[in-house]
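*Asks:* I am sharing work_26.tsv, which consists of TSV, C-alpha atoms:
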chain	number	residue	atom	x	y	z
R	12	MET	CA	-61.73	-107.92	144.61
R	13	LEU	CA	-65.04	-106.66	143.19
R	14	ARG	CA	-66.61	-109.00	140.64
R	15	GLU	CA	-68.55	-107.09	138.03
R	16	THR	CA	-68.78	-107.62	134.28
R	17	ARG	CA	-67.92	-104.45	132.38
R	18	ALA	CA	-68.01	-105.28	128.71
R	19	LEU	CA	-67.34	-103.22	125.61
R	20	TRP	CA	-68.64	-104.00	122.12
R	21	THR	CA	-66.00	-103.03	119.55
R	22	TRP	CA	-65.43	-103.41	115.82
R	23	ALA	CA	-61.75	-102.44	116.11
R	24	VAL	CA	-60.81	-105.72	114.42
R	25	ARG	CA	-62.28	-104.58	111.10
R	26	SER	CA	-59.93	-101.62	110.71
R	27	ALA	CA	-56.94	-102.59	112.83
R	28	ARG	CA	-53.74	-102.72	110.78
R	29	SER	CA	-51.03	-102.69	113.42
R	30	LYS	CA	-50.29	-103.41	117.07
R	31	SER	CA	-50.78	-99.73	117.89
R	32	ASP	CA	-54.43	-99.91	116.80
R	33	ILE	CA	-55.13	-102.70	119.28
R	34	ASP	CA	-52.96	-101.07	121.92
R	35	GLU	CA	-55.26	-98.03	121.69
R	36	LEU	CA	-58.26	-100.29	122.32
R	37	VAL	CA	-56.59	-101.82	125.36
R	38	ALA	CA	-55.69	-98.36	126.65
R	39	LEU	CA	-59.36	-97.38	126.37
R	40	VAL	CA	-60.37	-100.49	128.34
R	41	ASP	CA	-57.78	-99.64	130.98
R	42	SER	CA	-58.84	-96.00	131.23
R	43	ALA	CA	-62.52	-96.82	131.75
R	44	HIS	CA	-61.77	-99.75	134.12
R	45	LEU	CA	-63.53	-102.26	131.84
R	46	ASN	CA	-62.73	-105.96	131.83
R	47	VAL	CA	-64.44	-107.75	128.91
R	48	ILE	CA	-63.87	-107.01	125.22
R	49	LEU	CA	-66.63	-108.23	122.90
R	50	PHE	CA	-64.38	-108.33	119.85
R	51	GLY	CA	-66.19	-108.36	116.51
R	52	VAL	CA	-64.60	-111.14	114.44
R	53	TYR	CA	-67.51	-111.94	112.07
R	54	TYR	CA	-69.63	-109.30	110.38
R	55	ARG	CA	-71.77	-109.39	107.22
R	56	GLY	CA	-70.53	-112.82	106.26
R	57	THR	CA	-66.90	-111.76	106.63
R	58	ALA	CA	-64.36	-113.47	108.88
R	59	TYR	CA	-61.66	-111.36	110.54
R	60	PHE	CA	-59.90	-114.44	111.86
R	61	GLU	CA	-58.66	-117.77	110.47
R	62	PRO	CA	-61.61	-120.19	110.16
R	63	SER	CA	-60.77	-123.77	111.02
R	64	PRO	CA	-59.26	-125.83	108.18
R	65	VAL	CA	-60.17	-128.93	110.19
R	66	ARG	CA	-63.87	-128.09	110.33
R	67	PHE	CA	-63.81	-126.73	106.77
R	68	PRO	CA	-61.38	-128.99	104.88
R	69	ILE	CA	-62.79	-127.95	101.48
R	70	ALA	CA	-61.11	-124.64	100.68
R	71	ALA	CA	-63.96	-123.44	98.47
R	72	GLU	CA	-66.36	-123.72	101.44
R	73	ARG	CA	-64.06	-122.06	103.96
R	74	LEU	CA	-64.25	-118.33	104.67
R	75	THR	CA	-60.97	-116.51	104.18
R	76	ASN	CA	-59.44	-114.25	106.80
R	77	GLN	CA	-60.11	-110.63	105.78
R	78	SER	CA	-58.16	-109.08	108.64
R	79	ARG	CA	-56.06	-106.09	107.58
R	80	PHE	CA	-53.70	-106.65	110.50
R	81	SER	CA	-50.10	-106.81	109.30
R	82	GLU	CA	-47.60	-107.66	112.00
R	83	ALA	CA	-44.98	-110.40	111.97
R	84	GLY	CA	-46.10	-113.40	113.98
R	85	TYR	CA	-49.80	-112.54	113.96
R	86	ALA	CA	-52.36	-113.71	111.41
R	87	ASP	CA	-54.91	-111.19	112.63
R	88	ALA	CA	-55.74	-108.65	115.32
R	89	LEU	CA	-57.48	-111.29	117.46
R	90	ARG	CA	-54.20	-113.20	117.87
R	91	TYR	CA	-52.42	-110.07	119.00
R	92	LEU	CA	-55.16	-109.03	121.42
R	93	LEU	CA	-55.06	-112.47	123.04
R	94	ASP	CA	-51.30	-112.16	123.35
R	95	VAL	CA	-51.69	-108.83	125.16
R	96	ARG	CA	-54.29	-110.40	127.45
R	97	ASP	CA	-51.96	-113.27	128.30
R	98	ARG	CA	-49.10	-110.92	129.14
R	99	ARG	CA	-51.42	-109.01	131.47
R	100	ARG	CA	-52.46	-112.20	133.23
R	101	ALA	CA	-48.83	-113.18	133.76
R	102	ASP	CA	-48.06	-110.09	135.81
R	103	SER	CA	-50.09	-111.25	138.86
R	104	ASP	CA	-52.10	-108.02	138.95
R	105	PRO	CA	-55.79	-108.89	138.36
R	106	ALA	CA	-56.70	-105.20	138.27
R	107	ASN	CA	-55.35	-104.89	134.72
R	108	ASP	CA	-56.67	-108.19	133.34
R	109	PHE	CA	-59.38	-108.44	130.72
R	110	GLU	CA	-61.28	-111.15	128.85
R	111	VAL	CA	-61.73	-111.50	125.09
R	112	HIS	CA	-65.02	-112.81	123.73
R	113	ALA	CA	-65.37	-113.36	119.97
R	114	TRP	CA	-68.44	-111.49	118.67
R	115	PHE	CA	-70.40	-112.97	115.72
R	116	THR	CA	-73.33	-111.32	113.88
R	117	VAL	CA	-74.91	-114.66	113.10
R	118	HIS	CA	-77.51	-114.20	110.36
R	119	LEU	CA	-75.81	-111.28	108.57
R	120	SER	CA	-74.01	-113.17	105.81
R	121	GLY	CA	-73.79	-110.73	102.90
R	122	ASP	CA	-74.22	-107.05	102.19
R	123	SER	CA	-76.56	-104.68	100.39
R	124	GLU	CA	-77.57	-101.04	100.37
R	125	ARG	CA	-80.88	-100.14	101.97
R	126	THR	CA	-82.27	-98.72	98.77
R	127	TRP	CA	-84.91	-99.85	96.30
R	128	PRO	CA	-84.11	-101.70	94.21
R	129	PRO	CA	-81.43	-102.96	96.61
R	130	THR	CA	-77.83	-102.89	95.44
R	131	ASP	CA	-76.10	-106.19	96.15
R	132	LEU	CA	-72.76	-105.45	97.84
R	133	THR	CA	-71.95	-109.05	98.71
R	134	GLN	CA	-68.29	-109.83	98.05
R	135	PRO	CA	-66.83	-113.19	96.93
R	136	TYR	CA	-65.31	-113.77	100.37
R	137	MET	CA	-68.68	-113.47	102.19
R	138	LEU	CA	-70.70	-116.49	103.33
R	139	ASN	CA	-73.75	-115.80	101.14
R	140	ALA	CA	-71.43	-115.72	98.13
R	141	LEU	CA	-69.95	-119.10	99.00
R	142	PHE	CA	-73.46	-120.51	99.54
R	143	PRO	CA	-75.94	-118.50	97.42
R	144	GLU	CA	-78.75	-120.83	98.53
R	145	PHE	CA	-78.48	-119.35	102.02
R	146	GLN	CA	-79.90	-116.00	100.83
R	147	VAL	CA	-83.46	-115.36	102.02
R	148	LYS	CA	-86.18	-115.04	99.40
R	149	TYR	CA	-89.44	-113.22	100.02
R	150	GLY	CA	-92.75	-114.66	98.91
R	151	THR	CA	-92.99	-111.87	96.36
R	152	TYR	CA	-89.95	-113.34	94.60
R	153	TYR	CA	-92.00	-116.41	93.71
R	154	ALA	CA	-95.11	-114.42	92.87
R	155	ARG	CA	-93.26	-112.11	90.48
R	156	GLN	CA	-90.04	-114.01	89.74
R	157	ASP	CA	-88.34	-110.76	90.66
R	158	GLU	CA	-84.70	-110.94	91.80
R	159	ARG	CA	-85.16	-107.72	93.76
R	160	PHE	CA	-86.95	-109.81	96.40
R	161	VAL	CA	-83.88	-111.88	97.20
R	162	ASN	CA	-82.10	-110.54	100.28
R	163	PRO	CA	-78.35	-110.95	99.75
R	164	ALA	CA	-77.50	-109.67	103.23
R	165	ILE	CA	-79.36	-112.27	105.32
R	166	SER	CA	-79.12	-116.04	105.61
R	167	ALA	CA	-82.01	-118.44	106.05
R	168	ILE	CA	-81.23	-119.94	109.42
R	169	GLU	CA	-84.06	-122.40	108.82
R	170	GLN	CA	-81.64	-124.39	106.63
R	171	PRO	CA	-79.82	-127.18	108.49
R	172	ARG	CA	-76.66	-126.61	106.41
R	173	PHE	CA	-76.46	-122.98	107.53
R	174	ARG	CA	-76.97	-123.89	111.18
R	175	GLN	CA	-74.18	-126.46	111.13
R	176	TYR	CA	-71.88	-124.12	109.22
R	177	MET	CA	-72.34	-121.38	111.81
R	178	ALA	CA	-71.88	-123.82	114.70
R	179	ASP	CA	-68.64	-125.05	113.13
R	180	LEU	CA	-67.42	-121.52	112.41
R	181	ILE	CA	-67.89	-120.48	116.03
R	182	ALA	CA	-66.66	-123.72	117.61
R	183	GLY	CA	-63.65	-123.67	115.29
R	184	ALA	CA	-62.71	-120.25	116.67
R	185	ALA	CA	-63.00	-121.68	120.19
R	186	GLU	CA	-60.68	-124.55	119.21
R	187	ASP	CA	-58.04	-122.46	117.47
R	188	TYR	CA	-58.04	-119.29	119.58
R	189	ALA	CA	-57.76	-119.11	123.38
R	190	ILE	CA	-60.82	-116.87	123.69
R	191	ASP	CA	-62.78	-116.56	126.92
R	192	GLY	CA	-66.22	-116.61	125.35
R	193	VAL	CA	-68.35	-116.30	122.24
R	194	HIS	CA	-70.94	-113.57	121.84
R	195	LEU	CA	-73.89	-114.11	119.48
R	196	ASP	CA	-75.52	-111.10	117.87
R	197	TYR	CA	-78.30	-111.14	115.25
R	198	ILE	CA	-79.20	-114.55	116.65
R	199	ARG	CA	-82.69	-114.39	115.20
R	200	VAL	CA	-84.38	-114.72	111.83
R	201	GLY	CA	-83.70	-111.76	109.58
R	202	GLN	CA	-86.80	-112.03	107.42
R	203	ILE	CA	-89.74	-114.34	106.89
R	204	CYS	CA	-88.20	-117.10	104.81
R	205	PHE	CA	-90.14	-118.23	101.73
R	206	ASN	CA	-87.29	-120.21	100.15
R	207	ALA	CA	-89.05	-123.05	98.34
R	208	GLU	CA	-86.17	-124.82	96.60
R	209	LEU	CA	-85.35	-128.36	97.66
R	210	LEU	CA	-81.80	-128.51	99.02
R	211	ASP	CA	-80.12	-131.84	98.29
R	212	TYR	CA	-76.60	-132.07	99.68
R	213	PRO	CA	-74.43	-135.22	99.74
R	214	GLY	CA	-75.94	-137.57	102.30
R	215	ILE	CA	-79.19	-136.65	104.01
R	216	GLU	CA	-78.08	-134.64	107.07
R	217	PHE	CA	-78.53	-131.22	105.47
R	218	ASP	CA	-81.31	-131.92	102.98
R	219	TYR	CA	-84.16	-129.46	103.35
R	220	ALA	CA	-87.55	-129.24	101.68
R	221	GLY	CA	-87.60	-125.45	101.90
R	222	CYS	CA	-89.19	-122.96	104.27
R	223	GLN	CA	-92.65	-123.13	102.76
R	224	GLU	CA	-92.87	-126.91	103.12
R	225	ASP	CA	-91.26	-126.75	106.55
R	226	TYR	CA	-93.93	-124.31	107.73
R	227	ARG	CA	-96.74	-126.50	106.44
R	228	ALA	CA	-95.31	-129.53	108.24
R	229	PHE	CA	-94.74	-127.53	111.44
R	230	THR	CA	-98.29	-126.18	111.64
R	231	ARG	CA	-99.74	-129.60	110.87
R	232	GLU	CA	-97.73	-131.19	113.68
R	233	THR	CA	-98.09	-128.34	116.19
R	234	PHE	CA	-101.56	-126.91	115.54
R	235	GLY	CA	-103.33	-129.95	114.10
R	236	ARG	CA	-104.00	-128.22	110.80
R	237	GLU	CA	-101.80	-127.30	107.87
R	238	TYR	CA	-101.26	-123.62	107.13
R	239	THR	CA	-99.05	-122.00	104.53
R	240	LEU	CA	-96.85	-118.94	104.69
R	241	TRP	CA	-99.18	-117.40	102.13
R	242	ASP	CA	-102.03	-117.91	104.61
R	243	ASP	CA	-100.12	-116.37	107.51
R	244	THR	CA	-98.03	-113.52	106.05
R	245	ASP	CA	-98.26	-110.74	103.48
R	246	GLY	CA	-95.55	-112.40	101.39
R	247	VAL	CA	-92.82	-110.00	102.51
R	248	ARG	CA	-92.38	-108.90	106.15
R	249	GLN	CA	-95.72	-108.77	107.91
R	250	ILE	CA	-97.23	-111.62	109.91
R	251	ALA	CA	-100.95	-112.08	109.27
R	252	ASP	CA	-101.84	-115.24	111.19
R	253	GLY	CA	-104.73	-113.72	113.11
R	254	GLY	CA	-102.75	-113.44	116.33
R	255	SER	CA	-102.50	-117.22	116.58
R	256	GLY	CA	-98.74	-117.15	117.12
R	257	ARG	CA	-98.12	-119.77	114.46
R	258	VAL	CA	-95.36	-117.87	112.65
R	259	ALA	CA	-93.73	-116.79	115.92
R	260	ALA	CA	-93.75	-120.39	117.20
R	261	TRP	CA	-92.14	-121.62	113.97
R	262	GLN	CA	-89.43	-118.99	114.24
R	263	VAL	CA	-88.81	-119.74	117.93
R	264	ARG	CA	-88.27	-123.39	117.06
R	265	THR	CA	-85.96	-122.44	114.20
R	266	VAL	CA	-83.73	-120.11	116.20
R	267	GLY	CA	-83.74	-122.49	119.14
R	268	ARG	CA	-82.29	-125.19	116.89
R	269	LEU	CA	-79.47	-122.84	115.91
R	270	VAL	CA	-78.70	-121.88	119.52
R	271	ARG	CA	-78.67	-125.53	120.58
R	272	ALA	CA	-76.35	-126.44	117.70
R	273	ILE	CA	-73.89	-123.70	118.64
R	274	HIS	CA	-74.07	-124.65	122.32
R	275	ALA	CA	-73.41	-128.32	121.58
R	276	GLU	CA	-70.39	-127.66	119.38
R	277	VAL	CA	-68.83	-124.96	121.57
R	278	LYS	CA	-69.28	-126.73	124.90
R	279	ALA	CA	-67.92	-129.99	123.45
R	280	VAL	CA	-64.70	-128.10	122.73
R	281	ARG	CA	-64.55	-125.75	125.73
R	282	PRO	CA	-67.09	-126.52	128.48
R	283	ASP	CA	-65.94	-123.47	130.46
R	284	LEU	CA	-66.39	-121.00	127.59
R	285	ILE	CA	-69.03	-118.30	128.19
R	286	ILE	CA	-71.78	-118.20	125.55
R	287	SER	CA	-73.65	-114.91	125.59
R	288	VAL	CA	-76.19	-113.29	123.29
R	289	ALA	CA	-77.14	-109.75	122.36
R	290	SER	CA	-80.91	-109.74	122.82
R	291	VAL	CA	-82.96	-107.16	120.94
R	292	ARG	CA	-84.64	-104.63	123.20
R	293	ASN	CA	-88.10	-104.74	121.63
R	294	VAL	CA	-88.91	-108.40	122.22
R	295	PRO	CA	-92.22	-108.77	124.11
R	296	TRP	CA	-92.01	-111.65	126.51
R	297	GLU	CA	-95.29	-113.30	125.57
R	298	LEU	CA	-94.64	-113.52	121.80
R	299	PRO	CA	-90.97	-113.52	120.80
R	300	VAL	CA	-90.21	-111.48	117.70
R	301	GLN	CA	-88.02	-113.04	114.99
R	302	GLY	CA	-87.67	-116.21	117.05
R	303	GLN	CA	-85.44	-114.65	119.70
R	304	ALA	CA	-86.38	-115.98	123.12
R	305	ALA	CA	-83.14	-115.40	125.03
R	306	TRP	CA	-84.78	-115.74	128.44
R	307	ARG	CA	-85.87	-119.28	127.52
R	308	TRP	CA	-82.37	-120.13	126.29
R	309	LEU	CA	-80.90	-118.95	129.59
R	310	ASP	CA	-83.42	-121.07	131.51
R	311	ALA	CA	-82.62	-124.10	129.36
R	312	GLY	CA	-78.86	-123.72	129.80
R	313	TRP	CA	-78.20	-123.17	126.08
R	314	ILE	CA	-76.50	-119.85	126.85
R	315	ASP	CA	-74.70	-118.48	129.89
R	316	ALA	CA	-75.53	-114.76	129.75
R	317	ILE	CA	-77.73	-112.15	128.06
R	318	PHE	CA	-76.72	-108.63	127.06
R	319	PRO	CA	-80.06	-107.00	126.11
R	320	THR	CA	-79.46	-104.01	123.83
R	321	LEU	CA	-81.33	-101.39	125.85
R	322	TYR	CA	-80.75	-98.37	123.62
R	323	LEU	CA	-83.86	-96.66	124.95
R	324	ASP	CA	-84.91	-93.06	125.47
R	325	SER	CA	-84.92	-92.97	129.27
R	326	THR	CA	-83.27	-94.54	132.29
R	327	PRO	CA	-86.61	-95.70	133.77
R	328	ALA	CA	-87.40	-97.51	130.51
R	329	ILE	CA	-84.06	-99.33	130.69
R	330	VAL	CA	-84.65	-100.35	134.31
R	331	ASP	CA	-88.18	-101.51	133.46
R	332	ARG	CA	-86.95	-103.71	130.60
R	333	MET	CA	-84.32	-105.25	132.84
R	334	GLN	CA	-86.94	-106.03	135.48
R	335	ARG	CA	-89.26	-107.61	132.93
R	336	LEU	CA	-86.51	-109.66	131.36
R	337	ARG	CA	-85.45	-110.96	134.75
R	338	GLU	CA	-89.01	-111.93	135.59
R	339	ALA	CA	-89.24	-113.88	132.34
R	340	VAL	CA	-86.35	-116.13	133.48
R	341	ARG	CA	-87.97	-118.76	135.67
R	342	ASP	CA	-84.73	-120.05	137.19
R	343	THR	CA	-84.07	-117.31	139.75
R	344	SER	CA	-80.45	-118.44	140.13
R	345	LYS	CA	-79.78	-117.34	136.54
R	346	ARG	CA	-81.33	-113.89	136.66
R	347	ASP	CA	-78.04	-112.31	137.67
R	348	MET	CA	-76.56	-113.37	134.32
R	349	ILE	CA	-78.39	-110.54	132.54
R	350	PHE	CA	-76.22	-107.48	131.89
R	351	ALA	CA	-77.82	-104.34	130.47
R	352	GLY	CA	-76.45	-103.22	127.11
R	353	LEU	CA	-76.17	-99.42	127.21
R	354	ALA	CA	-75.38	-96.99	124.41
R	355	THR	CA	-72.41	-94.69	124.94
R	356	HIS	CA	-73.65	-92.11	122.43
R	357	SER	CA	-76.69	-90.57	120.77
R	358	PHE	CA	-77.73	-92.34	117.60
R	359	VAL	CA	-78.96	-89.00	116.22
R	360	ASP	CA	-75.94	-86.82	117.01
R	361	ARG	CA	-72.81	-88.76	117.93
R	362	THR	CA	-71.02	-85.55	118.89
R	363	GLU	CA	-73.46	-84.91	121.75
R	364	ASP	CA	-71.96	-85.25	125.24
R	365	TRP	CA	-73.59	-88.30	126.81
R	366	SER	CA	-71.15	-88.73	129.70
R	367	GLY	CA	-73.66	-87.70	132.37
R	368	LEU	CA	-76.38	-89.88	130.89
R	369	VAL	CA	-74.10	-92.92	130.61
R	370	VAL	CA	-73.00	-92.54	134.24
R	371	GLU	CA	-76.63	-92.11	135.35
R	372	ARG	CA	-77.65	-95.33	133.58
R	373	VAL	CA	-74.71	-97.35	134.83
R	374	ASN	CA	-75.43	-96.16	138.36
R	375	ALA	CA	-79.12	-97.04	138.01
R	376	VAL	CA	-78.33	-100.55	136.82
R	377	VAL	CA	-75.33	-101.58	138.95
R	378	ARG	CA	-75.17	-99.16	141.89
R	379	GLY	CA	-78.78	-98.68	142.93
R	380	GLU	CA	-78.47	-94.93	142.37
R	381	PRO	CA	-80.52	-92.81	142.22
R	382	ASN	CA	-82.90	-94.93	144.28
R	383	ALA	CA	-86.05	-93.77	142.51
R	384	LEU	CA	-84.74	-95.07	139.19
R	385	ALA	CA	-82.58	-97.98	140.30
R	386	LEU	CA	-82.72	-101.62	139.36
R	387	GLN	CA	-83.35	-103.80	142.41
R	388	PRO	CA	-81.45	-105.89	143.11
R	389	ALA	CA	-78.58	-104.27	141.25
R	390	ALA	CA	-77.10	-106.07	138.26
R	391	HIS	CA	-73.62	-107.60	138.31
R	392	GLY	CA	-72.49	-105.60	135.31
R	393	VAL	CA	-73.22	-103.90	132.00
R	394	ALA	CA	-72.06	-103.86	128.39
R	395	LEU	CA	-71.34	-100.62	126.56
R	396	PHE	CA	-71.86	-99.92	122.86
R	397	GLY	CA	-69.64	-99.15	121.29
R	398	GLY	CA	-65.91	-98.65	121.42
R	399	GLU	CA	-65.79	-96.50	118.29
R	400	TYR	CA	-67.96	-93.74	119.82
R	401	PHE	CA	-66.73	-93.89	123.39
R	402	SER	CA	-65.71	-90.30	124.21
R	403	GLN	CA	-62.82	-89.42	126.48
R	404	THR	CA	-65.24	-87.45	128.65
R	405	THR	CA	-67.39	-90.54	129.19
R	406	ILE	CA	-64.37	-92.72	129.87
R	407	GLU	CA	-63.13	-90.32	132.55
R	408	ALA	CA	-66.59	-89.97	134.09
R	409	LEU	CA	-66.98	-93.74	134.45
R	410	ALA	CA	-63.48	-94.22	135.87
R	411	ALA	CA	-64.06	-91.46	138.42
R	412	GLY	CA	-67.60	-92.61	139.21
R	413	PRO	CA	-69.31	-96.02	139.09
R	414	PHE	CA	-66.20	-97.82	137.79
R	415	ARG	CA	-63.82	-96.14	140.24
R	416	GLU	CA	-62.86	-99.48	141.76
R	417	PRO	CA	-61.30	-102.00	139.32
R	418	ALA	CA	-63.19	-105.27	138.97
R	419	ILE	CA	-62.86	-108.75	137.53
R	420	PRO	CA	-65.71	-110.22	135.43
R	421	TYR	CA	-68.71	-111.80	137.12
R	422	TRP	CA	-70.05	-115.00	135.53
R	423	GLY	CA	-72.11	-116.35	138.36
R	424	THR	CA	-69.25	-116.82	140.82
R	425	PRO	CA	-70.43	-116.04	144.34
R	426	ILE	CA	-69.21	-112.69	145.58
R	427	PRO	CA	-67.21	-112.98	148.85
Can you present the structure in this file as structure tokens?
*Replies:*
Amino acid sequence: MLRETRALWTWAVRSARSKSDIDELVALVDSAHLNVILFGVYYRGTAYFEPSPVRFPIAAERLTNQSRFSEAGYADALRYLLDVRDRRRADSDPANDFEVHAWFTVHLSGDSERTWPPTDLTQPYMLNALFPEFQVKYGTYYARQDERFVNPAISAIEQPRFRQYMADLIAGAAEDYAIDGVHLDYIRVGQICFNAELLDYPGIEFDYAGCQEDYRAFTRETFGREYTLWDDTDGVRQIADGGSGRVAAWQVRTVGRLVRAIHAEVKAVRPDLIISVASVRNVPWELPVQGQAAWRWLDAGWIDAIFPTLYLDSTPAIVDRMQRLREAVRDTSKRDMIFAGLATHSFVDRTEDWSGLVVERVNAVVRGEPNALALQPAAHGVALFGGEYFSQTTIEALAAGPFREPAIPYWGTPIP
């Protein structure tokens, strides 16, 4: 049987209230001949599953399940979806099987409106409310002592306590739910972190001198001279280190520590679990932006697959980015674990018919068609964003075209 990963990003878990809501999602997957559901279980600091009471024995530090799903025997929509998956697998027909990967938006830990001054929408059940010290502070906060320069929506992944919390949250899901994989989105720094407060937790494992001191120590050790974040940024968002790459290198180290922590915890629980990341499309290979160097993580074995979010204006641009990302992975045996992330809709007008464009892009990436635009060699799959805007016309076009033949997911298994 054809092995080809056909994934769908979906936030159905956030609104699902009954079995019928999830049954509709499964029917969509069936109709389009997809086989992997990237199921959003953590978004803006909110858990839509039951976080582990073993890993978080202190109730005040444990996220609460905000799932709206209300069906006897199921604590949340994830439990029910896994039950449907298991029933499918029991029928001995691999053509209707699918995998469930739990999708986490890692550094989004609160909520706010994109206005000025920003309106804090963080709710008591969100991670940045449980741990206010996780919220990122801009340099301008310290210069003006102005609370408007505290970002309630983003966590400082530089903090060791945050990194361990996220690793435990994700590994706990792998322990308690029979998921097939974990998918890491927003696995990068959200802002330049100026947090200067000394964090002193019980013991010494999570103590942290703050981002400003951490940056000084990092530049002293790495570049032989101490620099400050005030030297190398504008105090808010812009890097101003003279093109030296000092800030980028600091962020790469920071995010790498988080990825390694998640990998260690997850693989200790489930060595066979697939760890994938959603990699932002605008990362230049020479100087990673926001610390996200997914191609290096794939080389190092910290992740198993990359879904680059290639929501670009043209098919040739998508193919070009896939080629460049492949070339950045030095281990040629791992290059086939990159699956293009394709939009299913226009971000300007979601009512626009994109069925022909989606089919064209899927063909270019996985079928080598049309030849002038095609990715060579063809990829072993794609991911589609997102389930909420997937039109019936597009579903039918894929099922009658590039996804005509059912497939089972490809995760590096040799194709017969």
*Asks:* Which residue is closest to Thr16 (chain R)? Choose from R:Glu110, R:Asp191, R:Asp104, R:Glu399 and count all atoms listed in the file.
*Replies:* R:Glu110
*Asks:* Which value, in Å to one decimal, gives the distance between CA of Val200 (chain R) and CA of Gly253 (chain R)?
*Replies:*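 Interatomic distance here is 20.4 Å.
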*Asks:* Listed atoms of region 358-371 of chain R, axis-aligned box, 4 Å per side: centre and edge lengths to one decimal in Å, as JSON?
*Replies:*
{"center_x": -75.0, "center_y": -88.9, "center_z": 125.8, "size_x": 15.9, "size_y": 16.0, "size_z": 27.1}
*Asks:* Write out as a PDB file with C-alpha atoms, in the coordinates of the input the residues lying within 8 Å of Pro413 (chain R), counting all atoms listed in the file and excluding same-chain residues fewer than 2 positions away.
*Replies:*
ATOM      1  CA  VAL R 370     -73.000 -92.540 134.240  1.00  0.00           C
ATOM      2  CA  VAL R 373     -74.710 -97.350 134.830  1.00  0.00           C
ATOM      3  CA  ASN R 374     -75.430 -96.160 138.360  1.00  0.00           C
ATOM      4  CA  ARG R 378     -75.170 -99.160 141.890  1.00  0.00           C
ATOM      5  CA  LEU R 409     -66.980 -93.740 134.450  1.00  0.00           C
ATOM      6  CA  ALA R 410     -63.480 -94.220 135.870  1.00  0.00           C
ATOM      7  CA  ALA R 411     -64.060 -91.460 138.420  1.00  0.00           C
ATOM      8  CA  ARG R 415     -63.820 -96.140 140.240  1.00  0.00           C
ATOM      9  CA  GLU R 416     -62.860 -99.480 141.760  1.00  0.00           C
TER      10      GLU R 416
END
*Asks:* Report, in Å to a single decimal, how far apart CA of Ile48 (chain R) and CA of Glu380 (chain R) are.
*Replies:*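 Answer for the CA of Glu380 (chain R) to CA of Ile48 (chain R) separation: 25.6 Å.
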*Asks:* Any idea what's packed within 10 Å of Arg257 (chain R), counting only C-alpha atoms, ignoring anything in its chain fewer than 4 positions away? Could you give it as a PyMOL selection string?
*Replies:* chain R and resi 226+229-230+233-234+238+240+243+250-253+261-263
*Asks:* Nearest residue to Ala189 (chain R) out of R:Val377, R:Leu89, R:Ala164, R:Ile215, using only C-alpha atoms?
*Replies:*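 Among the listed residues, R:Leu89 lies closest to Ala189 (chain R).
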*Asks:* Please, which residues are within 8 Å of (-69.2, -89.3, 126.0) by the file's coordinates, counting only C-alpha atoms, and could they come as a ChimeraX atom specification?
*Replies:* /R:355-356,363-367,369,400-406
*Asks:* Just how far from CA of Asn76 (chain R) is CA of Glu186 (chain R), in Å to one decimal?
*Replies:*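 The value is 16.2 Å.
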*Asks:* Residues at most 9 Å from region 54-68 of chain R, counting only C-alpha atoms, excluding those fewer than 3 positions away in the same chain, as a ChimeraX atom specification?
*Replies:* /R:24-25,51,71-79,86-90,114-122,133-134,136-140,164-165,176,179-184,186-187
*Asks:* Point out the residue among R:Leu19, R:Arg337, R:Pro282, R:Ala272 with the least atom-to-atom distance to Leu353 (chain R), counting all atoms listed in the file.
*Replies:*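 Of R:Leu19, R:Arg337, R:Pro282, R:Ala272, the one nearest Leu353 (chain R), counting all atoms listed in the file, is R:Leu19.
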*Asks:* Ranking R:Pro128, R:Leu321, R:Pro420, R:Ala385 by minimum distance to Glu158 (chain R) and counting all atoms listed in the file, which one comes first?
*Replies:*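 The shortest atom-to-atom distance to Glu158 (chain R) comes from R:Pro128.
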*Asks:* So which residues touch Ser290 (chain R) within 10 Å, counting all atoms listed in the file, skipping near sequence neighbours fewer than 4 positions away, as a PyMOL selection string?
*Replies:* chain R and resi 195-199+294+303-306+317-321+351-352
*Asks:* Which residue gives the smallest distance to Ala275 (chain R) among R:Trp308, R:Tyr149, R:Trp313, R:Tyr53, with only C-alpha atoms counted?
*Replies:*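 Ranking R:Trp308, R:Tyr149, R:Trp313, R:Tyr53 by distance to Ala275 (chain R), first place goes to R:Trp313.
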*Asks:* Smallest atom-to-atom distance to Tyr212 (chain R): which of R:Gln170, R:Gln334, R:Asn46, R:Ser287, using all atoms listed in the file?
*Replies:* R:Gln170
*Asks:* With only C-alpha atoms counted, which protein, DNA or RNA residues have an atom no more than 8 Å from (-78.3, -127.9, 103.8) in the file frame? Please answer as an NGL selection string.
*Replies:* :R and (170-173 or 210-212 or 216-219)
*Asks:* Residues as selected, C-alpha atoms, written as an mmCIF file, in the coordinates of the input, can you do that?
*Replies:*
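Saved result, out-v7.cif, follows:
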data_model
loop_
_atom_site.group_PDB
_atom_site.id
_atom_site.type_symbol
_atom_site.label_atom_id
_atom_site.label_comp_id
_atom_site.auth_asym_id
_atom_site.auth_seq_id
_atom_site.Cartn_x
_atom_site.Cartn_y
_atom_site.Cartn_z
ATOM 1 C CA GLN R 170 -81.640 -124.390 106.630
ATOM 2 C CA PRO R 171 -79.820 -127.180 108.490
ATOM 3 C CA ARG R 172 -76.660 -126.610 106.410
ATOM 4 C CA PHE R 173 -76.460 -122.980 107.530
ATOM 5 C CA LEU R 210 -81.800 -128.510 99.020
ATOM 6 C CA ASP R 211 -80.120 -131.840 98.290
ATOM 7 C CA TYR R 212 -76.600 -132.070 99.680
ATOM 8 C CA GLU R 216 -78.080 -134.640 107.070
ATOM 9 C CA PHE R 217 -78.530 -131.220 105.470
ATOM 10 C CA ASP R 218 -81.310 -131.920 102.980
ATOM 11 C CA TYR R 219 -84.160 -129.460 103.350
#
